[in-house]
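Novice: For reference, the file final.csv (CSV, C-alpha atoms) is included below:
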chain,number,residue,atom,x,y,z
I,1,MET,CA,126.9,126.0,96.4
I,2,GLU,CA,127.7,124.2,99.6
I,3,LEU,CA,126.2,121.1,101.2
I,4,ASP,CA,125.0,123.3,104.1
I,5,ASP,CA,123.1,125.6,101.6
I,6,LEU,CA,121.0,122.6,100.8
I,7,LYS,CA,119.9,122.4,104.4
I,8,ALA,CA,117.9,125.6,103.9
I,9,ASN,CA,116.2,123.9,101.0
I,10,TRP,CA,115.6,120.9,103.1
I,11,LYS,CA,113.6,123.0,105.6
I,12,SER,CA,111.4,124.1,102.7
I,13,LEU,CA,110.8,120.4,101.9
I,14,GLU,CA,109.9,119.8,105.6
I,15,ARG,CA,107.4,122.6,105.5
I,16,GLU,CA,105.9,121.3,102.3
I,17,LEU,CA,105.7,117.7,103.7
I,18,ALA,CA,104.0,119.0,106.9
I,19,THR,CA,101.1,120.1,104.8
I,20,HIS,CA,100.9,116.7,103.0
I,21,ASN,CA,100.1,114.2,105.7
I,22,SER,CA,96.6,113.3,104.7
I,23,LEU,CA,97.9,110.7,102.3
I,24,LEU,CA,99.9,108.9,105.0
I,25,ARG,CA,97.0,109.0,107.4
I,26,ARG,CA,94.8,107.4,104.7
I,27,SER,CA,97.4,104.7,104.2
I,28,MET,CA,97.2,103.9,107.9
I,29,THR,CA,93.6,103.3,108.3
I,30,THR,CA,92.7,100.1,110.1
I,31,GLN,CA,91.2,98.5,107.0
I,32,ARG,CA,94.3,99.1,104.9
I,33,LEU,CA,96.6,97.8,107.6
I,34,ARG,CA,94.5,94.7,107.9
I,35,ARG,CA,94.9,94.1,104.2
I,36,VAL,CA,98.6,94.7,104.2
I,37,LYS,CA,99.1,92.0,106.8
I,38,PHE,CA,98.4,89.3,104.3
I,39,ALA,CA,100.3,90.8,101.4
I,40,LEU,CA,103.3,88.4,101.7
I,41,TRP,CA,101.2,85.3,101.6
I,42,PRO,CA,101.2,84.7,97.8
I,43,LEU,CA,105.0,84.7,97.7
I,44,VAL,CA,105.3,82.5,100.8
I,45,ILE,CA,102.6,80.1,99.5
I,46,GLY,CA,104.2,79.9,96.1
I,47,GLN,CA,107.6,78.9,97.4
I,48,GLY,CA,106.1,76.7,100.1
I,49,PHE,CA,104.0,74.8,97.5
I,50,GLN,CA,107.1,74.2,95.4
I,51,LEU,CA,108.9,72.9,98.4
I,52,LEU,CA,106.0,70.7,99.4
I,53,VAL,CA,105.6,69.2,95.9
I,54,GLY,CA,109.4,68.5,96.0
I,55,LEU,CA,109.1,66.8,99.4
I,56,ILE,CA,106.3,64.6,98.1
I,57,LEU,CA,107.7,63.7,94.7
I,58,THR,CA,111.4,63.3,95.5
I,59,PRO,CA,110.9,60.1,97.7
I,60,LEU,CA,108.6,58.7,95.0
I,61,PHE,CA,111.3,59.2,92.3
I,62,ALA,CA,113.8,57.7,94.7
I,63,SER,CA,111.6,54.7,95.3
I,64,PHE,CA,111.1,54.4,91.5
I,65,TRP,CA,114.8,53.9,90.6
I,66,VAL,CA,115.4,51.7,93.7
I,67,ALA,CA,112.5,49.5,92.4
I,68,HIS,CA,114.0,49.5,88.9
I,69,ARG,CA,117.7,48.8,89.7
I,70,ASP,CA,117.5,45.8,87.4
I,71,VAL,CA,116.5,48.0,84.4
I,72,PRO,CA,119.4,50.3,83.8
I,73,HIS,CA,117.7,52.9,81.6
I,74,LEU,CA,114.8,53.3,84.0
I,75,MET,CA,117.1,53.5,87.0
I,76,LEU,CA,119.1,56.2,85.2
I,77,CYS,CA,115.9,58.1,84.4
I,78,GLY,CA,114.7,57.8,88.0
I,79,ILE,CA,118.1,59.0,89.4
I,80,VAL,CA,118.1,62.0,87.0
I,81,ILE,CA,114.6,63.0,87.9
I,82,GLN,CA,115.2,62.6,91.6
I,83,ALA,CA,118.4,64.7,91.4
I,84,TYR,CA,116.5,67.4,89.5
I,85,SER,CA,113.6,67.3,91.9
I,86,THR,CA,116.0,67.5,94.9
I,87,LEU,CA,117.7,70.5,93.3
I,88,LEU,CA,114.4,72.3,92.7
I,89,MET,CA,113.4,71.6,96.3
I,90,ILE,CA,116.7,72.9,97.7
I,91,LEU,CA,116.4,76.0,95.5
I,92,ALA,CA,112.9,76.6,96.7
I,93,ALA,CA,113.9,76.1,100.4
I,94,ARG,CA,116.9,78.5,100.0
I,95,GLU,CA,114.8,81.2,98.3
I,96,LEU,CA,112.0,80.9,100.8
I,97,HIS,CA,114.6,81.1,103.6
I,98,LEU,CA,116.3,84.2,102.0
I,99,VAL,CA,113.0,86.0,101.3
I,100,LEU,CA,111.6,85.3,104.8
I,101,THR,CA,114.8,86.3,106.6
I,102,ILE,CA,115.4,89.6,104.8
I,103,ASP,CA,114.5,92.1,107.5
I,104,PRO,CA,114.1,95.5,106.0
I,105,GLY,CA,114.7,97.0,109.4
I,106,GLY,CA,118.4,95.8,109.2
I,107,PRO,CA,121.3,98.1,108.2
I,108,VAL,CA,120.8,99.4,104.7
I,109,ILE,CA,124.2,98.2,103.3
I,110,ALA,CA,123.7,94.6,104.6
I,111,ILE,CA,120.1,94.4,103.4
I,112,GLN,CA,120.8,95.9,100.0
I,113,ARG,CA,123.7,93.5,99.5
I,114,ARG,CA,121.5,90.6,100.4
I,115,ILE,CA,118.7,91.7,98.1
I,116,GLU,CA,121.1,92.2,95.2
I,117,SER,CA,122.9,88.9,95.9
I,118,LEU,CA,119.5,87.1,95.8
I,119,ARG,CA,118.6,88.8,92.6
I,120,ALA,CA,121.9,88.0,90.9
I,121,TRP,CA,121.6,84.4,92.0
I,122,GLN,CA,118.1,84.1,90.6
I,123,ILE,CA,119.1,85.7,87.3
I,124,ARG,CA,122.1,83.3,86.9
I,125,LEU,CA,119.8,80.3,87.4
I,126,GLY,CA,117.7,81.4,84.4
I,127,PRO,CA,120.0,79.9,81.6
I,128,PHE,CA,120.5,76.7,83.6
I,129,PHE,CA,116.8,76.1,83.7
I,130,ALA,CA,116.4,77.1,80.1
I,131,VAL,CA,118.9,74.4,79.0
I,132,THR,CA,117.9,71.7,81.4
I,133,GLY,CA,114.2,72.4,80.7
I,134,CYS,CA,114.7,71.4,77.1
I,135,PHE,CA,115.4,67.8,78.1
I,136,ILE,CA,114.4,67.1,81.7
I,137,TRP,CA,110.8,66.3,80.7
I,138,ILE,CA,112.0,63.3,78.6
I,139,PRO,CA,113.2,61.1,81.6
I,140,LEU,CA,110.1,62.4,83.5
I,141,MET,CA,107.8,61.1,80.7
I,142,LEU,CA,109.7,57.7,80.7
I,143,VAL,CA,109.3,57.4,84.5
I,144,ILE,CA,105.6,58.3,84.3
I,145,PHE,CA,104.9,55.8,81.5
I,146,ALA,CA,107.0,53.1,83.3
I,147,SER,CA,105.0,53.7,86.5
I,148,LEU,CA,101.8,53.1,84.5
I,149,GLY,CA,103.3,49.8,83.2
I,150,ALA,CA,104.6,50.9,79.9
I,151,ASP,CA,108.4,50.8,79.4
I,152,VAL,CA,108.6,53.0,76.3
I,153,TRP,CA,112.3,52.5,75.7
I,154,THR,CA,112.0,48.7,75.6
I,155,LYS,CA,108.7,48.6,73.7
I,156,ASN,CA,109.4,51.3,71.1
I,157,PRO,CA,112.7,53.1,71.4
I,158,THR,CA,111.8,55.2,68.3
I,159,VAL,CA,109.4,57.2,70.5
I,160,VAL,CA,112.3,58.1,72.8
I,161,TYR,CA,114.4,59.2,69.9
I,162,TRP,CA,111.5,61.4,68.8
I,163,LEU,CA,111.1,62.8,72.3
I,164,PHE,CA,114.9,63.5,72.4
I,165,ALA,CA,114.6,65.2,69.0
I,166,SER,CA,111.8,67.4,70.3
I,167,GLY,CA,114.0,68.5,73.1
I,168,LEU,CA,116.9,69.1,70.7
I,169,VAL,CA,114.8,71.7,68.8
I,170,PRO,CA,114.5,74.3,71.5
I,171,PHE,CA,118.1,73.5,72.6
I,172,ALA,CA,119.4,74.0,69.1
I,173,ILE,CA,117.6,77.3,68.8
I,174,LEU,CA,119.1,78.5,72.1
I,175,LEU,CA,122.6,77.3,71.1
I,176,ALA,CA,122.3,78.8,67.6
I,177,LEU,CA,121.2,82.1,69.0
I,178,TRP,CA,124.1,82.2,71.4
I,179,LEU,CA,126.7,81.2,68.8
I,180,TRP,CA,125.2,83.8,66.4
I,181,SER,CA,125.5,86.5,69.0
I,182,ARG,CA,129.1,85.5,69.8
I,183,ARG,CA,130.6,85.7,66.3
I,184,PRO,CA,133.8,87.7,66.2
I,185,GLY,CA,133.4,91.2,64.9
I,186,LYS,CA,129.7,91.4,65.8
I,187,PRO,CA,129.6,93.0,69.2
I,188,ASP,CA,126.1,94.5,68.5
I,189,ARG,CA,124.6,91.0,68.3
I,190,ALA,CA,126.0,90.0,71.7
I,191,GLN,CA,124.7,93.3,73.1
I,192,TRP,CA,121.3,92.7,71.5
I,193,LEU,CA,121.1,89.1,73.0
I,194,ASP,CA,122.2,90.3,76.4
I,195,SER,CA,119.7,93.1,76.5
I,196,ASN,CA,116.9,90.8,75.5
I,197,THR,CA,117.9,88.0,77.9
I,198,VAL,CA,119.7,88.1,81.2
I,199,GLY,CA,123.0,89.6,80.3
I,200,THR,CA,122.0,93.2,81.2
I,201,SER,CA,120.3,92.0,84.3
I,202,VAL,CA,123.4,90.1,85.4
I,203,ARG,CA,125.6,93.1,84.7
I,204,ARG,CA,123.3,95.5,86.6
I,205,ALA,CA,123.1,93.2,89.6
I,206,ARG,CA,126.9,92.9,89.5
I,207,GLU,CA,127.2,96.7,89.3
I,208,SER,CA,124.8,97.2,92.2
I,209,LEU,CA,126.8,94.7,94.3
I,210,GLU,CA,130.1,96.5,93.4
I,211,GLU,CA,128.5,99.8,94.3
I,212,ILE,CA,127.4,98.5,97.7
I,213,ALA,CA,130.9,97.0,98.3
I,214,ALA,CA,132.6,100.3,97.3
I,215,PHE,CA,130.3,102.3,99.5
I,216,GLU,CA,131.1,100.0,102.4
I,217,ARG,CA,134.8,100.2,101.9
I,218,GLY,CA,134.6,104.0,101.7
I,219,GLU,CA,135.8,104.2,98.1
I,220,GLU,CA,134.8,107.0,95.8
I,221,GLN,CA,132.3,105.8,93.1
J,222,MET,CA,117.6,107.2,121.5
J,223,MET,CA,114.2,106.1,122.7
J,224,HIS,CA,111.1,106.5,120.7
J,225,ASP,CA,108.4,109.1,121.5
J,226,VAL,CA,105.5,106.8,122.0
J,227,ALA,CA,105.8,103.9,124.4
J,228,ILE,CA,104.8,100.6,122.9
J,229,ASN,CA,104.5,97.0,124.2
J,230,PRO,CA,103.6,94.5,121.4
J,231,SER,CA,102.2,92.0,124.0
J,232,THR,CA,99.2,94.2,124.9
J,233,GLY,CA,96.8,96.6,123.3
J,234,ASP,CA,96.1,97.3,119.7
J,235,LEU,CA,99.3,96.9,117.6
J,236,ARG,CA,97.8,98.8,114.8
J,237,GLN,CA,97.0,101.8,116.9
J,238,ARG,CA,100.4,101.9,118.4
J,239,PHE,CA,102.0,101.6,115.0
J,240,SER,CA,99.9,104.5,113.7
J,241,ALA,CA,100.8,106.6,116.7
J,242,LEU,CA,104.5,105.9,116.2
J,243,LEU,CA,104.3,106.6,112.5
J,244,GLU,CA,102.3,109.8,113.1
J,245,ALA,CA,105.0,111.0,115.6
J,246,HIS,CA,107.7,110.4,113.0
J,247,ARG,CA,105.7,110.9,109.8
J,248,GLY,CA,108.4,113.1,108.3
J,249,ILE,CA,110.7,110.2,107.8
J,250,VAL,CA,108.4,108.5,105.2
J,251,GLY,CA,107.9,111.7,103.2
J,252,LYS,CA,111.6,112.7,103.2
J,253,VAL,CA,112.9,109.3,102.1
J,254,ALA,CA,110.2,109.1,99.4
J,255,PHE,CA,111.1,112.5,98.2
J,256,ALA,CA,114.8,111.6,97.9
J,257,TYR,CA,114.2,108.6,95.7
J,258,THR,CA,111.4,109.8,93.3
J,259,ARG,CA,111.1,112.5,90.6
J,260,SER,CA,107.6,113.8,91.0
J,261,ALA,CA,104.9,114.4,93.6
J,262,HIS,CA,102.9,111.5,92.2
J,263,ASP,CA,105.8,109.0,92.4
J,264,ARG,CA,106.5,110.3,95.9
J,265,ASP,CA,103.0,109.5,97.0
J,266,ASP,CA,103.2,106.0,95.6
J,267,LEU,CA,106.5,105.4,97.3
J,268,MET,CA,105.2,106.8,100.6
J,269,GLN,CA,102.4,104.2,100.5
J,270,GLU,CA,104.9,101.5,99.7
J,271,ILE,CA,107.1,102.5,102.6
J,272,ALA,CA,104.2,102.8,105.0
J,273,THR,CA,103.0,99.4,104.0
J,274,GLU,CA,106.5,97.8,104.5
J,275,LEU,CA,106.8,99.5,107.9
J,276,TRP,CA,103.6,98.0,109.0
J,277,ARG,CA,104.5,94.6,107.5
J,278,SER,CA,107.8,94.6,109.4
J,279,PHE,CA,106.5,96.2,112.6
J,280,HIS,CA,106.4,92.8,114.4
J,281,ARG,CA,110.2,92.7,114.1
J,282,TYR,CA,110.8,96.1,115.6
J,283,ASP,CA,112.7,95.9,118.9
J,284,VAL,CA,111.0,98.3,121.3
J,285,SER,CA,114.2,98.8,123.2
J,286,ARG,CA,115.8,100.5,120.2
J,287,SER,CA,115.2,103.8,118.4
J,288,PHE,CA,112.0,103.9,116.3
J,289,PRO,CA,113.4,106.6,113.9
J,290,THR,CA,116.5,104.5,113.2
J,291,TRP,CA,114.4,101.4,112.5
J,292,ALA,CA,112.0,103.5,110.4
J,293,TYR,CA,114.8,105.1,108.4
J,294,ARG,CA,116.3,101.6,107.7
J,295,VAL,CA,113.0,100.2,106.5
J,296,ALA,CA,112.2,103.3,104.5
J,297,LEU,CA,115.6,103.5,102.8
J,298,ASN,CA,115.7,99.8,102.0
J,299,VAL,CA,112.2,100.1,100.4
J,300,ALA,CA,113.1,103.3,98.5
J,301,ILE,CA,116.5,102.0,97.2
J,302,SER,CA,114.9,98.8,96.0
J,303,HIS,CA,112.1,100.9,94.4
J,304,LEU,CA,114.7,103.0,92.6
J,305,ARG,CA,116.7,100.1,91.4
J,306,ARG,CA,113.5,98.4,90.2
J,307,THR,CA,112.1,101.4,88.4
J,308,THR,CA,115.6,102.1,86.8
J,309,ARG,CA,115.8,98.5,85.5
J,310,ARG,CA,112.3,98.7,84.1
J,311,SER,CA,113.0,101.9,82.2
J,312,ALA,CA,116.3,100.4,81.0
J,313,GLU,CA,118.2,103.4,82.4
J,314,PRO,CA,121.7,102.9,83.7
J,315,LEU,CA,122.5,103.3,87.4
J,316,PRO,CA,123.3,105.4,89.3
J,317,SER,CA,121.5,108.4,87.8
J,318,ASP,CA,117.8,108.3,86.8
J,319,MET,CA,118.0,111.7,85.0
J,320,THR,CA,117.7,110.7,81.3
J,321,SER,CA,114.2,112.2,81.0
J,322,PRO,CA,113.4,115.7,82.3
J,323,THR,CA,112.3,116.0,85.9
J,324,PRO,CA,108.8,117.5,86.3
J,325,PRO,CA,109.2,121.1,87.7
J,326,GLU,CA,108.7,121.7,91.4
J,327,PRO,CA,106.4,124.6,92.4
J,328,ASP,CA,109.1,125.6,95.0
J,329,PRO,CA,112.5,126.3,93.2
J,330,ARG,CA,114.4,125.5,96.4
J,331,ILE,CA,112.8,122.0,96.5
J,332,GLY,CA,113.6,121.7,92.8
J,333,GLU,CA,117.2,122.5,93.5
J,334,LEU,CA,117.3,120.0,96.3
J,335,ARG,CA,115.8,117.3,94.0
J,336,ARG,CA,118.4,117.9,91.3
J,337,ALA,CA,121.2,117.7,93.9
J,338,MET,CA,119.7,114.4,95.2
J,339,GLU,CA,119.3,112.9,91.8
J,340,ALA,CA,122.9,113.4,90.9
J,341,PHE,CA,124.0,110.7,93.5
J,342,PRO,CA,123.8,106.9,93.5
J,343,PRO,CA,121.3,105.4,95.8
J,344,LEU,CA,123.5,104.8,98.8
J,345,ASP,CA,125.2,108.3,98.6
J,346,ARG,CA,121.7,109.7,98.3
J,347,ALA,CA,120.8,108.0,101.6
J,348,LEU,CA,123.8,109.5,103.3
J,349,LEU,CA,123.0,113.0,101.9
J,350,MET,CA,119.4,112.7,103.0
J,351,LEU,CA,120.3,111.6,106.6
J,352,TYR,CA,122.9,114.4,106.8
J,353,LEU,CA,120.4,117.1,105.6
J,354,ASP,CA,117.9,115.7,108.1
J,355,GLU,CA,120.5,116.5,110.8
J,356,GLN,CA,121.1,113.0,112.0
J,357,SER,CA,124.3,112.5,113.9
J,358,TYR,CA,127.2,110.6,112.4
J,359,ALA,CA,126.5,107.8,114.9
J,360,GLU,CA,122.9,107.6,113.9
J,361,ILE,CA,123.8,107.7,110.2
J,362,ALA,CA,126.4,104.9,110.8
J,363,GLU,CA,123.7,102.8,112.6
J,364,VAL,CA,121.1,103.3,109.8
J,365,LEU,CA,123.5,102.5,107.0
J,366,GLY,CA,125.6,99.9,108.8
J,367,ILE,CA,129.0,101.5,108.2
J,368,THR,CA,131.5,103.1,110.6
J,369,GLU,CA,131.3,106.7,111.9
J,370,THR,CA,134.7,107.3,110.3
J,371,ASN,CA,133.4,106.1,107.0
J,372,VAL,CA,130.4,108.4,107.4
J,373,ALA,CA,132.7,111.4,108.1
J,374,THR,CA,134.9,110.7,105.1
J,375,LYS,CA,131.9,110.3,102.8
J,376,ILE,CA,130.2,113.5,104.1
J,377,GLY,CA,133.5,115.3,103.3
J,378,ARG,CA,133.4,114.0,99.8
J,379,LEU,CA,129.8,114.9,99.3
J,380,LYS,CA,130.6,118.4,100.3
J,381,GLN,CA,133.3,118.6,97.7
J,382,THR,CA,131.1,117.0,95.0
J,383,ILE,CA,128.2,119.4,95.7
J,384,ARG,CA,130.5,122.4,95.8
J,385,ARG,CA,131.9,121.5,92.4
J,386,ASP,CA,128.8,120.1,90.6
J,387,MET,CA,126.1,122.4,91.9
J,388,THR,CA,128.2,125.5,91.4
J,389,ALA,CA,128.8,124.4,87.8
J,390,ALA,CA,125.1,123.9,87.3
J,391,ARG,CA,124.1,127.1,89.0
J,392,PRO,CA,123.6,129.3,85.9
J,393,ASP,CA,120.6,127.2,84.9
J,394,THR,CA,118.8,127.7,88.1
J,395,SER,CA,120.2,131.0,89.5
J,396,GLY,CA,117.3,133.2,88.4
J,397,ALA,CA,114.7,131.1,90.2
J,398,HIS,CA,116.9,130.5,93.2
J,399,HIS,CA,117.7,134.2,93.8
J,400,GLY,CA,114.1,135.0,93.5
J,401,THR,CA,113.3,132.9,96.6
J,402,ARG,CA,116.2,133.8,98.8
Would you give me this structure, written as structure tokens?

Specialist:
Amino acid sequence: MELDDLKANWKSLERELATHNSLLRRSMTTQRLRRVKFALWPLVIGQGFQLLVGLILTPLFASFWVAHRDVPHLMLCGIVIQAYSTLLMILAARELHLVLTIDPGGPVIAIQRRIESLRAWQIRLGPFFAVTGCFIWIPLMLVIFASLGADVWTKNPTVVYWLFASGLVPFAILLALWLWSRRPGKPDRAQWLDSNTVGTSVRRARESLEEIAAFERGEEQ
Amino acid sequence: MMHDVAINPSTGDLRQRFSALLEAHRGIVGKVAFAYTRSAHDRDDLMQEIATELWRSFHRYDVSRSFPTWAYRVALNVAISHLRRTTRRSAEPLPSDMTSPTPPEPDPRIGELRRAMEAFPPLDRALLMLYLDEQSYAEIAEVLGITETNVATKIGRLKQTIRRDMTAARPDTSGAHHGTR
């Protein structure tokens, strides 16, 4: 069997496809094309909304801690929330930029590398948000209550301890699961956790990127 | 290479011009969809997805450049992403998506072609498809974004791989194949 033998088979495919164009014609009706034009809006609106919320809230958080410079615990909460809000805003802006600037009409290698890099980056952010998400709502609650005139920490610190304990529960579960999966001599556990969380996704994204890089370098895969 | 249908995005009906260009090069969509799917049903779905993305990206198309090259790039980017997505969903390892049996093709030649395609990772499959579609090395290099030298090297390797692997697999398909030649 030679590569050029496949060309004869390719001609058979071309003949078969020539009799199969009604589907493509149906796809290209004016009505369908008009609908397609708006297909990207949900994604763009979602990311844009996140960015907009960040733009509105970040200055409010900044003004909060500036106004509470004389109350260290409130200033600290305000700084933490402002930093987190700024981070979310930057991530939304970056993702929006990457999504909007991916031109599928670009060279296949470059576009595939970009898509896979974006995917790998999104996957890696997952554990970060899982861990920070366990606690970030606590300073947010304190900031909200303080803005409403109730300094929870000063009035009743026990409430803050309870909030912190509530955050510790999901964090402890995450940590215990991770430690359980990493016990020596139990590789099947790590494999199970990876396959049920992001490990496999990270590995596949990395493999895809390596495959693209090897193809570009002209290496055998 | 210039496209077959003259277009100017500043005047006239963009949709009509797009439809005319796509009609003139309709084979691209079907061939790329074939190379990255395993059944006629999946191929039809991917054809729709590619046609949709072509239209969505049409405003970025530079009229001074070749429409087929642009269309191949869009179609391949959509198809490769589609293959990676479906492979991830079904928890099958890349590069091959051959863990479940491929539905039989009515034409054994097309079946043989599909088996040959499926044996390659997504990017090599793109190279093979463009080669079989008789694109020049320069055109293949432009579509994929690699050098012509790299294209030539890879085509040489593809030839060796197909000679080795397809010949080894021949006893399974020889009866059907000889019957059609």

Novice: Report, in Å with one decimal, the straight-line distance from CA of Asp234 in chain J to CA of Val295 in chain J.

Specialist: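 CA of Val295 in chain J lies 21.6 Å from CA of Asp234 in chain J.
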
Novice: Using all atoms listed in the file, select each residue of chain I with any atom at most 6 Å away from an atom of chain J, and give the selection as a list in words.

Specialist: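 Listing them in order of chain and number gives Met1, Glu2, Leu3, Lys7, Asn9, Leu13, Pro104, Gly105, Pro107, Val108, Ile109 and Gly218 of chain I.
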
Novice: Provide the CA of Pro127 in chain I to CA of Ala213 in chain I distance in Å, to one decimal place.

Specialist: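 Computing it gives 26.3 Å between the two atoms.
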
Novice: Tell me which protein, DNA and RNA residues are within 12 Å of Leu175 in chain I, counting only C-alpha atoms, leaving out same-chain ones fewer than 5 positions away, and put them as a list in words.

Specialist: Pro127, Ala130, Val131, Cys134, Leu168, Val169, Pro170, Trp180, Ser181 and Arg182 of chain I

Novice: Excluding range 114-123 of chain I and any residue of its chain fewer than 5 positions from it, enumerate the residues within 12 Å of it, using only C-alpha atoms, and give them as a ChimeraX atom specification.

Specialist: /I:91-92,94-104,106-109,128-130,197-213 /J:298-299,301-303,305-306

Novice: Go ahead and write the selection's residues with C-alpha atoms as a PDB file, keeping the file's coordinate frame.

Specialist:
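Generated file (part12.pdb):
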ATOM      1  CA  LEU I  91     116.400  76.000  95.500  1.00  0.00           C
ATOM      2  CA  ALA I  92     112.900  76.600  96.700  1.00  0.00           C
ATOM      3  CA  ARG I  94     116.900  78.500 100.000  1.00  0.00           C
ATOM      4  CA  GLU I  95     114.800  81.200  98.300  1.00  0.00           C
ATOM      5  CA  LEU I  96     112.000  80.900 100.800  1.00  0.00           C
ATOM      6  CA  HIS I  97     114.600  81.100 103.600  1.00  0.00           C
ATOM      7  CA  LEU I  98     116.300  84.200 102.000  1.00  0.00           C
ATOM      8  CA  VAL I  99     113.000  86.000 101.300  1.00  0.00           C
ATOM      9  CA  LEU I 100     111.600  85.300 104.800  1.00  0.00           C
ATOM     10  CA  THR I 101     114.800  86.300 106.600  1.00  0.00           C
ATOM     11  CA  ILE I 102     115.400  89.600 104.800  1.00  0.00           C
ATOM     12  CA  ASP I 103     114.500  92.100 107.500  1.00  0.00           C
ATOM     13  CA  PRO I 104     114.100  95.500 106.000  1.00  0.00           C
ATOM     14  CA  GLY I 106     118.400  95.800 109.200  1.00  0.00           C
ATOM     15  CA  PRO I 107     121.300  98.100 108.200  1.00  0.00           C
ATOM     16  CA  VAL I 108     120.800  99.400 104.700  1.00  0.00           C
ATOM     17  CA  ILE I 109     124.200  98.200 103.300  1.00  0.00           C
ATOM     18  CA  PHE I 128     120.500  76.700  83.600  1.00  0.00           C
ATOM     19  CA  PHE I 129     116.800  76.100  83.700  1.00  0.00           C
ATOM     20  CA  ALA I 130     116.400  77.100  80.100  1.00  0.00           C
ATOM     21  CA  THR I 197     117.900  88.000  77.900  1.00  0.00           C
ATOM     22  CA  VAL I 198     119.700  88.100  81.200  1.00  0.00           C
ATOM     23  CA  GLY I 199     123.000  89.600  80.300  1.00  0.00           C
ATOM     24  CA  THR I 200     122.000  93.200  81.200  1.00  0.00           C
ATOM     25  CA  SER I 201     120.300  92.000  84.300  1.00  0.00           C
ATOM     26  CA  VAL I 202     123.400  90.100  85.400  1.00  0.00           C
ATOM     27  CA  ARG I 203     125.600  93.100  84.700  1.00  0.00           C
ATOM     28  CA  ARG I 204     123.300  95.500  86.600  1.00  0.00           C
ATOM     29  CA  ALA I 205     123.100  93.200  89.600  1.00  0.00           C
ATOM     30  CA  ARG I 206     126.900  92.900  89.500  1.00  0.00           C
ATOM     31  CA  GLU I 207     127.200  96.700  89.300  1.00  0.00           C
ATOM     32  CA  SER I 208     124.800  97.200  92.200  1.00  0.00           C
ATOM     33  CA  LEU I 209     126.800  94.700  94.300  1.00  0.00           C
ATOM     34  CA  GLU I 210     130.100  96.500  93.400  1.00  0.00           C
ATOM     35  CA  GLU I 211     128.500  99.800  94.300  1.00  0.00           C
ATOM     36  CA  ILE I 212     127.400  98.500  97.700  1.00  0.00           C
ATOM     37  CA  ALA I 213     130.900  97.000  98.300  1.00  0.00           C
TER      38      ALA I 213
ATOM     39  CA  ASN J 298     115.700  99.800 102.000  1.00  0.00           C
ATOM     40  CA  VAL J 299     112.200 100.100 100.400  1.00  0.00           C
ATOM     41  CA  ILE J 301     116.500 102.000  97.200  1.00  0.00           C
ATOM     42  CA  SER J 302     114.900  98.800  96.000  1.00  0.00           C
ATOM     43  CA  HIS J 303     112.100 100.900  94.400  1.00  0.00           C
ATOM     44  CA  ARG J 305     116.700 100.100  91.400  1.00  0.00           C
ATOM     45  CA  ARG J 306     113.500  98.400  90.200  1.00  0.00           C
TER      46      ARG J 306
END

Novice: Kindly give the distance, in Å, that separates CA of Leu304 in chain J and CA of Gly46 in chain I, rounded to a single decimal.

Specialist: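 Separation between CA of Leu304 in chain J and CA of Gly46 in chain I: 25.6 Å.
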
Novice: Of the candidates J:Glu360, J:Arg259, J:Arg346, J:Met338, which one gets nearest to Arg286 in chain J if we count only C-alpha atoms?

Specialist: J:Glu360

Novice: Once N, CA, C and O atoms are restored for range 104-111 of chain I, what would the output be as a short mmCIF file (atom, residue, chain, number, x, y, z; two decimals), in the coordinates of the input?

Specialist:
data_model
loop_
_atom_site.label_atom_id
_atom_site.label_comp_id
_atom_site.auth_asym_id
_atom_site.auth_seq_id
_atom_site.Cartn_x
_atom_site.Cartn_y
_atom_site.Cartn_z
N PRO I 104 113.81 94.15 106.45
CA PRO I 104 114.10 95.50 106.00
C PRO I 104 114.44 96.50 107.04
O PRO I 104 114.88 97.60 106.74
N GLY I 105 114.31 96.09 108.30
CA GLY I 105 114.70 97.00 109.40
C GLY I 105 116.21 96.79 109.73
O GLY I 105 116.71 97.39 110.68
N GLY I 106 116.92 95.99 108.94
CA GLY I 106 118.40 95.80 109.20
C GLY I 106 119.15 96.94 108.52
O GLY I 106 118.59 97.74 107.76
N PRO I 107 120.46 97.02 108.83
CA PRO I 107 121.30 98.10 108.20
C PRO I 107 121.20 98.10 106.72
O PRO I 107 121.21 97.04 106.09
N VAL I 108 121.12 99.28 106.16
CA VAL I 108 120.80 99.40 104.70
C VAL I 108 121.84 98.70 103.85
O VAL I 108 121.46 97.99 102.92
N ILE I 109 123.12 98.84 104.17
CA ILE I 109 124.20 98.20 103.30
C ILE I 109 123.98 96.68 103.33
O ILE I 109 124.00 96.06 102.26
N ALA I 110 123.80 96.10 104.50
CA ALA I 110 123.70 94.60 104.60
C ALA I 110 122.44 94.15 103.87
O ALA I 110 122.50 93.14 103.15
N ILE I 111 121.34 94.84 104.04
CA ILE I 111 120.10 94.40 103.40
C ILE I 111 120.15 94.56 101.90
O ILE I 111 119.73 93.67 101.15
#
